[in-house]
>>> print(open('protein.cif').read())   # mmCIF, C-alpha atoms
data_coords
#
loop_
_atom_site.label_atom_id
_atom_site.label_comp_id
_atom_site.auth_asym_id
_atom_site.auth_seq_id
_atom_site.Cartn_x
_atom_site.Cartn_y
_atom_site.Cartn_z
CA MET A 10 40.25 -52.09 -42.44
CA ASP A 11 38.28 -49.03 -43.51
CA LEU A 12 35.70 -50.40 -45.92
CA MET A 13 35.26 -46.89 -47.34
CA SER A 14 38.91 -46.78 -48.48
CA ALA A 15 40.20 -47.80 -51.92
CA ASP A 16 41.50 -51.04 -50.40
CA GLY A 17 38.13 -51.67 -48.78
CA THR A 18 36.39 -51.20 -52.12
CA PHE A 19 38.72 -53.60 -53.91
CA ILE A 20 38.55 -56.32 -51.25
CA ARG A 21 34.77 -56.11 -50.97
CA ALA A 22 34.32 -56.25 -54.72
CA VAL A 23 36.67 -59.23 -55.09
CA MET A 24 34.99 -61.25 -52.35
CA GLU A 25 31.46 -60.52 -53.52
CA ALA A 26 32.29 -61.09 -57.19
CA GLN A 27 34.06 -64.33 -56.30
CA ARG A 28 30.90 -65.54 -54.55
CA ALA A 29 28.81 -64.59 -57.57
CA ALA A 30 31.21 -66.52 -59.81
CA ASP A 31 30.89 -69.53 -57.51
CA LEU A 32 27.12 -69.48 -58.08
CA ALA A 33 27.20 -68.76 -61.83
CA LEU A 34 25.69 -71.38 -64.11
CA VAL A 35 28.72 -71.22 -66.39
CA ARG A 36 32.02 -72.47 -65.00
CA LYS A 37 35.75 -71.86 -65.15
CA ARG A 38 36.93 -68.60 -66.77
CA GLU A 39 33.48 -67.95 -68.22
CA ALA A 40 32.23 -67.43 -64.67
CA LEU A 41 34.38 -64.30 -64.39
CA ASP A 42 32.09 -62.49 -66.84
CA ASN A 43 28.88 -63.62 -65.12
CA THR A 44 29.23 -61.99 -61.70
CA GLY A 45 27.47 -58.68 -62.27
CA PHE A 46 30.69 -56.90 -61.24
CA PRO A 47 32.06 -54.96 -64.23
CA GLY A 48 35.82 -55.38 -64.57
CA PHE A 49 36.15 -58.50 -62.42
CA ALA A 50 37.61 -60.65 -65.21
CA ARG A 51 40.36 -58.08 -65.78
CA ALA A 52 41.02 -57.64 -62.04
CA PHE A 53 41.16 -61.42 -61.48
CA ASN A 54 44.01 -61.33 -63.96
CA ASN A 55 44.48 -65.08 -64.42
CA PRO A 56 42.12 -67.07 -66.71
CA GLU A 57 44.08 -70.28 -66.09
CA LEU A 58 43.61 -69.95 -62.33
CA ALA A 59 39.91 -69.25 -62.89
CA ASP A 60 39.64 -72.57 -64.75
CA GLU A 61 40.77 -74.24 -61.54
CA TYR A 62 39.17 -71.92 -59.00
CA PHE A 63 35.65 -72.07 -60.47
CA SER A 64 35.77 -75.64 -61.77
CA LEU A 65 33.20 -77.34 -59.52
CA PRO A 66 29.90 -77.94 -61.32
CA ASN A 67 26.86 -75.87 -60.45
CA LYS A 68 24.31 -78.40 -59.21
CA GLY A 69 21.34 -76.07 -59.44
CA TRP A 70 20.96 -75.61 -55.70
CA SER A 71 19.11 -72.60 -54.30
CA TYR A 72 20.90 -70.37 -51.79
CA ALA A 73 19.47 -67.92 -49.29
CA GLY A 74 20.46 -65.99 -46.21
CA THR A 75 23.20 -63.49 -45.51
CA ASP A 76 26.95 -63.90 -46.06
CA TYR A 77 29.24 -61.98 -43.71
CA TYR A 78 32.82 -60.98 -44.55
CA GLU A 79 35.56 -59.64 -42.29
CA VAL A 80 39.10 -58.51 -43.11
CA VAL A 81 41.16 -60.12 -40.33
CA GLU A 82 44.67 -59.54 -41.71
CA PHE A 83 46.15 -56.80 -43.85
CA GLY A 84 49.71 -55.87 -44.82
CA ARG A 85 51.68 -54.01 -47.46
CA ASP A 86 54.94 -54.69 -49.24
CA GLY A 87 55.63 -51.59 -51.30
CA GLU A 88 52.62 -51.10 -53.54
CA MET A 89 51.38 -54.68 -53.12
CA ARG A 90 48.84 -55.59 -50.47
CA THR A 91 47.87 -58.89 -48.87
CA ALA A 92 44.52 -59.29 -47.12
CA GLY A 93 43.15 -62.21 -45.14
CA VAL A 94 39.35 -62.29 -45.36
CA CYS A 95 36.93 -64.49 -43.44
CA ASN A 96 33.53 -65.45 -44.83
CA TYR A 97 31.10 -66.46 -42.08
CA LYS A 98 28.35 -68.67 -43.49
CA SER A 99 26.22 -69.83 -40.56
CA MET A 100 23.38 -67.47 -41.55
CA THR A 101 23.19 -68.91 -45.05
CA ALA A 102 21.37 -72.02 -46.24
CA SER A 103 21.13 -74.14 -49.36
CA LYS A 104 18.30 -76.18 -50.87
CA ARG A 105 18.80 -79.12 -53.20
CA PRO A 106 16.69 -79.37 -56.36
CA GLY A 107 13.40 -81.08 -55.54
CA ASN A 108 13.82 -80.57 -51.80
CA ASP A 109 11.51 -78.30 -49.78
CA LEU A 110 13.94 -77.83 -46.88
CA TYR A 111 16.82 -75.40 -46.52
CA GLU A 112 19.93 -76.72 -44.81
CA THR A 113 22.34 -74.57 -42.83
CA VAL A 114 26.00 -75.38 -42.26
CA ALA A 115 27.39 -77.10 -39.18
CA ALA A 116 29.79 -75.38 -36.78
CA ASP A 117 32.89 -76.87 -38.41
CA ASN A 118 31.88 -75.13 -41.66
CA TYR A 119 30.91 -71.80 -40.10
CA GLY A 120 33.67 -69.90 -41.84
CA PHE A 121 35.99 -69.99 -44.80
CA GLY A 122 38.91 -67.76 -45.59
CA SER A 123 40.76 -66.27 -48.53
CA ILE A 124 44.22 -64.76 -48.82
CA ILE A 125 44.35 -62.13 -51.57
CA THR A 126 47.49 -60.41 -52.85
CA TYR A 127 46.80 -57.45 -55.10
CA GLY A 128 47.91 -54.01 -56.17
CA PRO A 129 48.59 -51.80 -59.18
CA ASN A 130 48.83 -53.59 -62.51
CA PRO A 131 52.57 -54.13 -63.09
CA ASN A 132 52.02 -53.99 -66.84
CA LEU A 133 50.69 -50.42 -66.82
CA PRO A 134 52.82 -47.28 -66.60
CA THR A 135 52.32 -45.10 -63.54
CA GLU A 136 50.47 -42.37 -65.42
CA LYS A 137 47.79 -44.87 -66.50
CA GLN A 138 47.18 -46.29 -63.03
CA HIS A 139 44.17 -45.30 -60.94
CA THR A 140 42.98 -46.58 -57.61
CA PRO A 141 39.55 -48.06 -56.92
CA PRO A 142 37.00 -45.44 -55.86
CA ALA A 143 36.58 -44.79 -52.15
CA MET A 144 33.34 -44.14 -50.23
CA GLN A 145 31.30 -46.85 -51.97
CA ARG A 146 28.03 -47.21 -50.09
CA GLY A 147 24.42 -47.55 -51.16
CA PRO A 148 21.35 -49.78 -51.59
CA ALA A 149 22.56 -51.93 -54.50
CA ASN A 150 23.89 -55.48 -54.22
CA ARG A 151 26.35 -54.86 -57.05
CA PRO A 152 28.03 -51.77 -58.52
CA THR A 153 27.00 -50.58 -61.95
CA ASP A 154 30.53 -49.40 -62.79
CA ASP A 155 34.00 -50.95 -62.61
CA VAL A 156 35.15 -50.37 -59.01
CA PHE A 157 38.48 -52.23 -59.27
CA GLY A 158 40.47 -49.30 -60.67
CA THR A 159 43.52 -50.62 -62.50
CA TRP A 160 44.45 -52.89 -59.60
CA VAL A 161 44.76 -56.62 -60.19
CA ILE A 162 44.98 -59.79 -58.13
CA THR A 163 48.40 -61.45 -58.26
CA ASP A 164 47.50 -64.37 -55.98
CA ILE A 165 44.35 -65.68 -54.35
CA THR A 166 44.06 -68.76 -52.17
CA ALA A 167 40.91 -70.25 -50.65
CA LEU A 168 41.34 -71.66 -47.15
CA VAL A 169 39.27 -73.96 -44.97
CA GLY A 170 40.26 -73.79 -41.31
CA GLY A 171 43.51 -73.13 -39.54
CA ARG A 172 45.35 -70.32 -41.29
CA LEU A 173 42.83 -67.57 -40.49
CA PRO A 174 40.49 -67.20 -37.46
CA CYS A 175 37.36 -67.84 -39.49
CA GLY A 176 35.67 -70.61 -37.50
CA LYS A 177 33.09 -68.52 -35.69
CA PRO A 178 29.36 -68.05 -36.26
CA ALA A 179 27.98 -65.12 -38.19
CA PRO A 180 26.09 -62.40 -36.32
CA GLY A 181 22.56 -63.52 -35.51
CA THR A 182 23.34 -67.25 -35.38
CA PRO A 183 21.14 -68.87 -32.69
CA PRO A 184 23.19 -69.50 -29.52
CA GLY A 185 24.41 -73.06 -29.08
CA ARG A 186 23.62 -74.22 -32.60
CA THR A 187 26.41 -76.55 -33.72
CA ASP A 188 24.83 -79.13 -36.02
CA ARG A 189 23.31 -78.81 -39.45
CA HIS A 190 19.80 -77.47 -39.25
CA THR A 191 16.97 -77.94 -41.74
CA SER A 192 13.93 -75.72 -42.08
CA PRO A 193 11.32 -74.83 -44.72
CA GLU A 194 12.21 -71.18 -44.03
CA PRO A 195 15.73 -69.96 -44.85
CA PRO A 196 17.69 -67.43 -42.79
CA ALA A 197 16.85 -63.83 -43.56
CA SER A 198 18.46 -62.22 -46.60
CA LEU A 199 19.41 -58.83 -45.16
CA PRO A 200 20.07 -55.69 -47.23
CA PRO A 201 23.69 -55.22 -48.33
CA ASP A 202 25.90 -53.37 -45.89
CA PRO A 203 27.63 -51.15 -46.86
CA GLY A 204 26.25 -51.97 -50.31
CA TRP A 205 27.00 -50.12 -53.54
CA PRO A 206 25.82 -46.80 -54.98
CA ASP A 207 23.90 -46.29 -58.21
CA GLY A 208 21.67 -48.74 -59.96
CA GLU A 209 18.78 -50.55 -58.37
CA PRO A 210 18.93 -53.08 -55.52
CA SER A 211 18.89 -56.61 -56.97
#
>>> encode(input="protein.cif", output="structure tokens")
Amino acid sequence: MDLMSADGTFIRAVMEAQRAADLALVRKREALDNTGFPGFARAFNNPELADEYFSLPNKGWSYAGTDYYEVVEFGRDGEMRTAGVCNYKSMTASKRPGNDLYETVAADNYGFGSIITYGPNPNLPTEKQHTPPAMQRGPANRPTDDVFGTWVITDITALVGGRLPCGKPAPGTPPGRTDRHTSPEPPASLPPDPGWPDGEPS
């Protein structure tokens, strides 16, 4: 997958916005508007699914480190696309309220996956369609403009294990580490790569 393509832009924005929605203080469909990604609520395209997808309560934990994403499957059926994306989490850590220690994940939780089906909005005529912008790279953690084009998600499924090859450690994970690890210092939060243009890094 060329991350500088229109598909790369859309997939990156969906995965990063989804993570931001997971961490938002508000829940369910309200989380869609609290990601810092303009246009995500429209691109998600399913408020009822959002009520289910972002239903778990935010417990006020602190999160640090670096998430890694990889597109491991990609296919097209006409104008619709389906992407399988792994999220490797072994270089992230969480801290419970009132706790001074950050806790990393164990090997069996190294990676999670998502299957995303998306494409042009079927409710818009062809002349009103436009693709997400290509060549999105820069120092910012989030784009300042809507980078979803008129594309929308038609199905998104979160996976844990099995369906996608996501059970591997993220780059930089100490060799041989398999169990949960606690430390007063979290893993490094690296700059975004490829990041987003415009705006200021956040």
>>> residues_around(input="protein.cif", residues="Phe53 of chain A", least_positions_apart="4", cutoff="12 Å", atoms="all atoms listed in the file", output="ChimeraX atom specification")
/A:19-20,22-24,26-27,30,38,40-42,44,46-49,57-60,62,125-128,130,157,159-165
>>> write_last_selection(input="protein.cif", atoms="C-alpha atoms", output="mmCIF file, in the frame of the given file")
data_model
loop_
_atom_site.group_PDB
_atom_site.id
_atom_site.type_symbol
_atom_site.label_atom_id
_atom_site.label_comp_id
_atom_site.auth_asym_id
_atom_site.auth_seq_id
_atom_site.Cartn_x
_atom_site.Cartn_y
_atom_site.Cartn_z
ATOM 1 C CA PHE A 19 38.720 -53.600 -53.910
ATOM 2 C CA ILE A 20 38.550 -56.320 -51.250
ATOM 3 C CA ALA A 22 34.320 -56.250 -54.720
ATOM 4 C CA VAL A 23 36.670 -59.230 -55.090
ATOM 5 C CA MET A 24 34.990 -61.250 -52.350
ATOM 6 C CA ALA A 26 32.290 -61.090 -57.190
ATOM 7 C CA GLN A 27 34.060 -64.330 -56.300
ATOM 8 C CA ALA A 30 31.210 -66.520 -59.810
ATOM 9 C CA ARG A 38 36.930 -68.600 -66.770
ATOM 10 C CA ALA A 40 32.230 -67.430 -64.670
ATOM 11 C CA LEU A 41 34.380 -64.300 -64.390
ATOM 12 C CA ASP A 42 32.090 -62.490 -66.840
ATOM 13 C CA THR A 44 29.230 -61.990 -61.700
ATOM 14 C CA PHE A 46 30.690 -56.900 -61.240
ATOM 15 C CA PRO A 47 32.060 -54.960 -64.230
ATOM 16 C CA GLY A 48 35.820 -55.380 -64.570
ATOM 17 C CA PHE A 49 36.150 -58.500 -62.420
ATOM 18 C CA GLU A 57 44.080 -70.280 -66.090
ATOM 19 C CA LEU A 58 43.610 -69.950 -62.330
ATOM 20 C CA ALA A 59 39.910 -69.250 -62.890
ATOM 21 C CA ASP A 60 39.640 -72.570 -64.750
ATOM 22 C CA TYR A 62 39.170 -71.920 -59.000
ATOM 23 C CA ILE A 125 44.350 -62.130 -51.570
ATOM 24 C CA THR A 126 47.490 -60.410 -52.850
ATOM 25 C CA TYR A 127 46.800 -57.450 -55.100
ATOM 26 C CA GLY A 128 47.910 -54.010 -56.170
ATOM 27 C CA ASN A 130 48.830 -53.590 -62.510
ATOM 28 C CA PHE A 157 38.480 -52.230 -59.270
ATOM 29 C CA THR A 159 43.520 -50.620 -62.500
ATOM 30 C CA TRP A 160 44.450 -52.890 -59.600
ATOM 31 C CA VAL A 161 44.760 -56.620 -60.190
ATOM 32 C CA ILE A 162 44.980 -59.790 -58.130
ATOM 33 C CA THR A 163 48.400 -61.450 -58.260
ATOM 34 C CA ASP A 164 47.500 -64.370 -55.980
ATOM 35 C CA ILE A 165 44.350 -65.680 -54.350
#
>>> closest_residue(input="protein.cif", among="A:Arg51, A:Met13, A:Asn132, A:Asp202", to="Gly147 of chain A", atoms="all atoms listed in the file")
A:Asp202
>>> closest_residue(input="protein.cif", among="A:Asp31, A:Glu25, A:Asp11, A:Glu194", to="Tyr78 of chain A", atoms="all atoms listed in the file")
A:Glu25
>>> closest_residue(input="protein.cif", among="A:Tyr72, A:Trp205, A:Phe83, A:Tyr97", to="Cys175 of chain A", atoms="only C-alpha atoms")
A:Tyr97
>>> resolve_selection(input="protein.cif", expression="the PyMOL selection byres ((chain A and resi 104-117) around 12)", output="PyMOL selection string")
chain A and resi 67-75+97-103+118-121+169-171+175-179+182-197
>>> resolve_selection(input="protein.cif", expression="the PyMOL selection byres ((chain A and resi 140) around 7)", output="tab-separated table (two decimals) with C-alpha atoms, in the frame of the given file")
chain	number	residue	atom	x	y	z
A	15	ALA	CA	40.20	-47.80	-51.92
A	138	GLN	CA	47.18	-46.29	-63.03
A	139	HIS	CA	44.17	-45.30	-60.94
A	141	PRO	CA	39.55	-48.06	-56.92
A	142	PRO	CA	37.00	-45.44	-55.86
A	158	GLY	CA	40.47	-49.30	-60.67
A	159	THR	CA	43.52	-50.62	-62.50
A	160	TRP	CA	44.45	-52.89	-59.60
>>> axis_aligned_box(input="protein.cif", around="segment 197-206 of chain A", padding_each_side="3 Å", output="JSON")
{"center_x": 22.2, "center_y": -55.3, "center_z": -49.3, "size_x": 16.8, "size_y": 23.0, "size_z": 17.4}
>>> atom_distance(input="protein.cif", atom1="atom CA of Ala149 of chain A", atom2="atom CA of Arg28 of chain A")
16.0 Å
>>> atom_distance(input="protein.cif", atom1="atom CA of Asp86 of chain A", atom2="atom CA of Pro203 of chain A")
27.6 Å
>>> atom_distance(input="protein.cif", atom1="atom CA of Ala29 of chain A", atom2="atom CA of Ser123 of chain A")
15.1 Å
